[in-house]
file target29.pdb (PDB, C-alpha atoms)
ATOM      1  CA  MET R 755      96.842 167.765 214.328
ATOM      2  CA  LYS R 756      97.248 164.089 215.096
ATOM      3  CA  GLU R 757      96.274 161.673 217.864
ATOM      4  CA  PHE R 758      98.188 158.850 219.540
ATOM      5  CA  LYS R 759      96.602 156.058 221.587
ATOM      6  CA  LYS R 760      98.269 152.965 222.991
ATOM      7  CA  TYR R 761      98.045 150.531 225.913
ATOM      8  CA  TYR R 762     101.085 149.521 227.944
ATOM      9  CA  ILE R 763     101.490 146.961 230.728
ATOM     10  CA  ILE R 764     103.470 148.202 233.731
ATOM     11  CA  ASN R 765     104.552 145.665 236.356
ATOM     12  CA  THR R 766     103.060 147.374 239.410
ATOM     13  CA  ASP R 767      99.623 148.030 240.859
ATOM     14  CA  PRO R 768      97.565 151.088 239.851
ATOM     15  CA  GLU R 769      98.162 152.810 243.205
ATOM     16  CA  GLN R 770     101.947 152.646 242.836
ATOM     17  CA  LEU R 771     101.837 153.697 239.185
ATOM     18  CA  TYR R 772      99.606 156.664 240.016
ATOM     19  CA  LEU R 773     102.157 157.792 242.598
ATOM     20  CA  ALA R 774     104.954 157.276 240.064
ATOM     21  CA  LEU R 775     103.151 159.647 237.694
ATOM     22  CA  THR R 776     102.280 162.319 240.263
ATOM     23  CA  THR R 777     105.029 162.389 242.930
ATOM     24  CA  ALA R 778     108.230 164.372 242.345
ATOM     25  CA  THR R 779     110.517 161.991 244.230
ATOM     26  CA  THR R 780     109.277 158.904 242.397
ATOM     27  CA  ILE R 781     109.270 160.642 238.998
ATOM     28  CA  HIS R 782     112.881 161.646 239.618
ATOM     29  CA  LEU R 783     113.742 157.998 240.360
ATOM     30  CA  TRP R 784     112.381 156.679 237.049
ATOM     31  CA  THR R 785     113.372 159.623 234.844
ATOM     32  CA  GLY R 786     116.736 160.333 236.457
ATOM     33  CA  ASP R 787     116.208 164.013 235.676
ATOM     34  CA  LEU R 788     114.972 167.244 237.180
ATOM     35  CA  VAL R 789     111.261 167.301 238.009
ATOM     36  CA  GLU R 790     108.966 170.119 239.059
ATOM     37  CA  ILE R 791     105.393 169.102 239.786
ATOM     38  CA  ASP R 792     102.301 170.434 241.509
ATOM     39  CA  PRO R 793      99.973 167.402 241.325
ATOM     40  CA  VAL R 794      96.604 169.131 241.681
ATOM     41  CA  ALA R 795      94.064 170.213 239.060
ATOM     42  CA  GLY R 796      95.502 173.417 237.606
ATOM     43  CA  GLY R 797      98.996 172.604 238.905
ATOM     44  CA  GLU R 798     101.894 172.721 236.457
ATOM     45  CA  PHE R 799     104.686 170.236 235.833
ATOM     46  CA  SER R 800     108.037 169.970 234.106
ATOM     47  CA  LEU R 801     109.723 166.603 233.440
ATOM     48  CA  TRP R 802     113.073 165.642 231.966
ATOM     49  CA  ASP R 803     114.578 169.028 232.777
ATOM     50  CA  GLY R 804     111.825 170.859 230.885
ATOM     51  CA  ALA R 805     111.517 168.549 227.864
ATOM     52  CA  ILE R 806     107.854 167.947 228.814
ATOM     53  CA  THR R 807     105.856 170.761 230.394
ATOM     54  CA  GLY R 808     102.184 171.318 231.033
ATOM     55  CA  LYS R 809      99.465 171.361 233.634
ATOM     56  CA  PHE R 810      97.095 168.914 235.288
ATOM     57  CA  LEU R 811      93.477 169.269 234.193
ATOM     58  CA  GLU R 812      91.905 166.354 236.050
ATOM     59  CA  MET R 813      93.053 163.783 238.590
ATOM     60  CA  GLU R 814      91.230 160.694 239.828
ATOM     61  CA  PRO R 815      93.507 158.942 242.335
ATOM     62  CA  ASN R 816      94.763 155.550 241.138
ATOM     63  CA  SER R 817      92.673 155.613 237.945
ATOM     64  CA  LYS R 818      92.984 158.697 235.705
ATOM     65  CA  ILE R 819      95.214 161.684 234.989
ATOM     66  CA  VAL R 820      94.436 164.319 232.365
ATOM     67  CA  GLN R 821      97.153 166.795 231.413
ATOM     68  CA  GLN R 822      97.604 169.617 228.944
ATOM     69  CA  TRP R 823     101.042 169.501 227.313
ATOM     70  CA  TYR R 824     102.514 172.765 226.057
ATOM     71  CA  PHE R 825     103.761 173.050 222.466
ATOM     72  CA  GLY R 826     104.483 176.737 222.089
ATOM     73  CA  GLU R 827     101.765 178.915 220.579
ATOM     74  CA  GLN R 828      99.308 176.253 219.472
ATOM     75  CA  GLU R 829      95.644 177.218 219.167
ATOM     76  CA  VAL R 830      94.194 173.870 220.307
ATOM     77  CA  ASP R 831      95.312 172.343 223.608
ATOM     78  CA  SER R 832      97.352 169.128 223.374
ATOM     79  CA  ILE R 833      95.667 166.798 225.875
ATOM     80  CA  VAL R 834      97.144 163.649 227.423
ATOM     81  CA  THR R 835      94.764 161.265 229.176
ATOM     82  CA  MET R 836      96.254 158.414 231.198
ATOM     83  CA  LYS R 837      93.890 155.718 232.446
ATOM     84  CA  LEU R 838      95.099 153.061 234.873
ATOM     85  CA  HIS R 839      93.362 149.683 234.972
ATOM     86  CA  GLU R 840      94.189 146.601 237.015
ATOM     87  CA  HIS R 841      95.750 143.858 234.900
ATOM     88  CA  LYS R 842      96.888 140.329 235.731
ATOM     89  CA  LYS R 843     100.493 141.460 235.117
ATOM     90  CA  GLY R 844     100.192 144.763 237.009
ATOM     91  CA  THR R 845      98.553 147.819 235.465
ATOM     92  CA  SER R 846      97.251 148.486 231.981
ATOM     93  CA  LEU R 847      98.173 152.096 231.256
ATOM     94  CA  GLU R 848      96.106 153.625 228.468
ATOM     95  CA  ILE R 849      97.695 156.686 226.897
ATOM     96  CA  LYS R 850      95.617 158.928 224.659
ATOM     97  CA  HIS R 851      97.410 162.031 223.396
ATOM     98  CA  THR R 852      95.313 164.369 221.231
ATOM     99  CA  ASN R 853      96.073 167.488 219.191
ATOM    100  CA  ILE R 854      99.724 166.689 218.549
ATOM    101  CA  PRO R 855     101.237 169.100 216.027
ATOM    102  CA  ASP R 856     101.888 167.217 212.763
ATOM    103  CA  GLU R 857     105.566 168.141 212.751
ATOM    104  CA  ALA R 858     106.027 166.810 216.319
ATOM    105  CA  TYR R 859     104.073 163.546 215.937
ATOM    106  CA  ASP R 860     106.942 161.142 215.173
ATOM    107  CA  ASP R 861     109.072 162.572 217.985
ATOM    108  CA  ILE R 862     106.149 162.392 220.433
ATOM    109  CA  VAL R 863     105.359 158.752 219.605
ATOM    110  CA  GLU R 864     109.046 157.852 219.895
ATOM    111  CA  GLY R 865     109.175 159.709 223.201
ATOM    112  CA  TRP R 866     106.186 157.803 224.574
ATOM    113  CA  ASN R 867     107.523 154.412 223.512
ATOM    114  CA  ASP R 868     111.290 154.746 223.922
ATOM    115  CA  THR R 869     111.637 157.180 226.804
ATOM    116  CA  TYR R 870     108.532 157.778 228.935
ATOM    117  CA  ILE R 871     107.044 154.263 228.986
ATOM    118  CA  ALA R 872     110.378 152.470 228.596
ATOM    119  CA  SER R 873     111.655 154.262 231.711
ATOM    120  CA  LEU R 874     108.578 153.228 233.717
ATOM    121  CA  VAL R 875     108.786 149.615 232.537
ATOM    122  CA  GLU R 876     112.479 149.438 233.391
ATOM    123  CA  PHE R 877     111.931 151.034 236.806
ATOM    124  CA  TYR R 878     109.336 148.449 237.777
ATOM    125  CA  GLU R 879     111.242 145.522 236.275
ATOM    126  CA  ASP R 880     114.120 146.457 238.567
ATOM    127  CA  GLU R 881     111.741 146.314 241.534
ATOM    128  CA  GLU R 882     111.145 142.557 241.164
TER     129      GLU R 882
END
call {"tool": "encode", "arguments": {"input": "target29.pdb", "output": "structure tokens"}}
result
Amino acid sequence: MKEFKKYYIINTDPEQLYLALTTATTIHLWTGDLVEIDPVAGGEFSLWDGAITGKFLEMEPNSKIVQQWYFGEQEVDSIVTMKLHEHKKGTSLEIKHTNIPDEAYDDIVEGWNDTYIASLVEFYEDEE
């Protein structure tokens, strides 16, 4: 199992970014794909037409989201923690993804950088 941690700067305030990560309509706008989401602790979600699925473990409005991502029959839960911090250029989004299956690591890192975060950055750049 591997771990991924990285900080990203998103050009919006923490409140707006939190909504963009937890509201079906906004997620649909920045992903352009089907979204199913129940943004409460224990609620499940599906993004990018099922490419990412899991459930919410913890939610602190405008500051922290903890999710379990599903990777088939894995013994140890794959946990994603997103922390939102105010930054002079918007929001510093800290991503920590633990217990990534070794064989999925490269694809997961590429997905974070080139799809998930890139889509958010582009969405908020267009808002200027």
call {"tool": "atom_distance", "arguments": {"input": "target29.pdb", "atom1": "atom CA of R:Ser846", "atom2": "atom CA of R:Val789"}}
result
24.2 Å
call {"tool": "closest_residue", "arguments": {"input": "target29.pdb", "among": "R:Ile764, R:Met755, R:Val820, R:Ile791", "to": "R:Glu876", "atoms": "only C-alpha atoms"}}
result
R:Ile764
call {"tool": "closest_atom_pairs", "arguments": {"input": "target29.pdb", "of": "stretch 787-868 of chain R", "to": "stretch 777-782 of chain R", "cutoff": "9 Å", "atoms": "all atoms listed in the file", "output": "Markdown table"}}
result
| residue | atom | partner | partner_atom | distance |
| --- | --- | --- | --- | --- |
| R:Asp787 | CA | R:His782 | CA | 5.7 |
| R:Leu788 | CA | R:His782 | CA | 6.5 |
| R:Val789 | CA | R:Ala778 | CA | 6.0 |
| R:Glu790 | CA | R:Ala778 | CA | 6.7 |
| R:Ile791 | CA | R:Ala778 | CA | 6.1 |
| R:Asp792 | CA | R:Ala778 | CA | 8.5 |
| R:Pro793 | CA | R:Thr777 | CA | 7.3 |
| R:Leu801 | CA | R:Ile781 | CA | 8.2 |
| R:Trp802 | CA | R:His782 | CA | 8.6 |
call {"tool": "resolve_selection", "arguments": {"input": "target29.pdb", "expression": "the PyMOL selection byres ((chain R and resi 773) around 12)", "output": "ChimeraX atom specification"}}
result
/R:766-772,774-784,793,813-819,838,874
call {"tool": "residues_around", "arguments": {"input": "target29.pdb", "residues": "R:Phe810", "least_positions_apart": "4", "cutoff": "6 Å", "atoms": "all atoms listed in the file", "output": "PyMOL selection string"}}
result
chain R and resi 795-797+821
call {"tool": "closest_residue", "arguments": {"input": "target29.pdb", "among": "R:Asp856, R:Asp831, R:Glu848, R:Glu798", "to": "R:Lys756", "atoms": "only C-alpha atoms"}}
result
R:Asp856
call {"tool": "closest_residue", "arguments": {"input": "target29.pdb", "among": "R:Val830, R:Leu811, R:Ile763, R:Ala872", "to": "R:Pro855", "atoms": "all atoms listed in the file"}}
result
R:Val830
call {"tool": "resolve_selection", "arguments": {"input": "target29.pdb", "expression": "the PyMOL selection byres ((chain R and resi 826) around 12)", "output": "PyMOL selection string"}}
result
chain R and resi 806-808+823-825+827-832+854-855+858
call {"tool": "write_last_selection", "arguments": {"input": "target29.pdb", "atoms": "C-alpha atoms", "output": "CSV table (one decimal), keeping the file's coordinate frame"}}
result
chain,number,residue,atom,x,y,z
R,806,ILE,CA,107.9,167.9,228.8
R,807,THR,CA,105.9,170.8,230.4
R,808,GLY,CA,102.2,171.3,231.0
R,823,TRP,CA,101.0,169.5,227.3
R,824,TYR,CA,102.5,172.8,226.1
R,825,PHE,CA,103.8,173.0,222.5
R,827,GLU,CA,101.8,178.9,220.6
R,828,GLN,CA,99.3,176.3,219.5
R,829,GLU,CA,95.6,177.2,219.2
R,830,VAL,CA,94.2,173.9,220.3
R,831,ASP,CA,95.3,172.3,223.6
R,832,SER,CA,97.4,169.1,223.4
R,854,ILE,CA,99.7,166.7,218.5
R,855,PRO,CA,101.2,169.1,216.0
R,858,ALA,CA,106.0,166.8,216.3
call {"tool": "closest_residue", "arguments": {"input": "target29.pdb", "among": "R:Ala805, R:Val875, R:Val834, R:Val794", "to": "R:Tyr762", "atoms": "all atoms listed in the file"}}
result
R:Val875
call {"tool": "atom_distance", "arguments": {"input": "target29.pdb", "atom1": "atom CA of R:Lys842", "atom2": "atom CA of R:Glu864"}}
result
26.6 Å
call {"tool": "atom_distance", "arguments": {"input": "target29.pdb", "atom1": "atom CA of R:Gly804", "atom2": "atom CA of R:Thr785"}}
result
12.0 Å
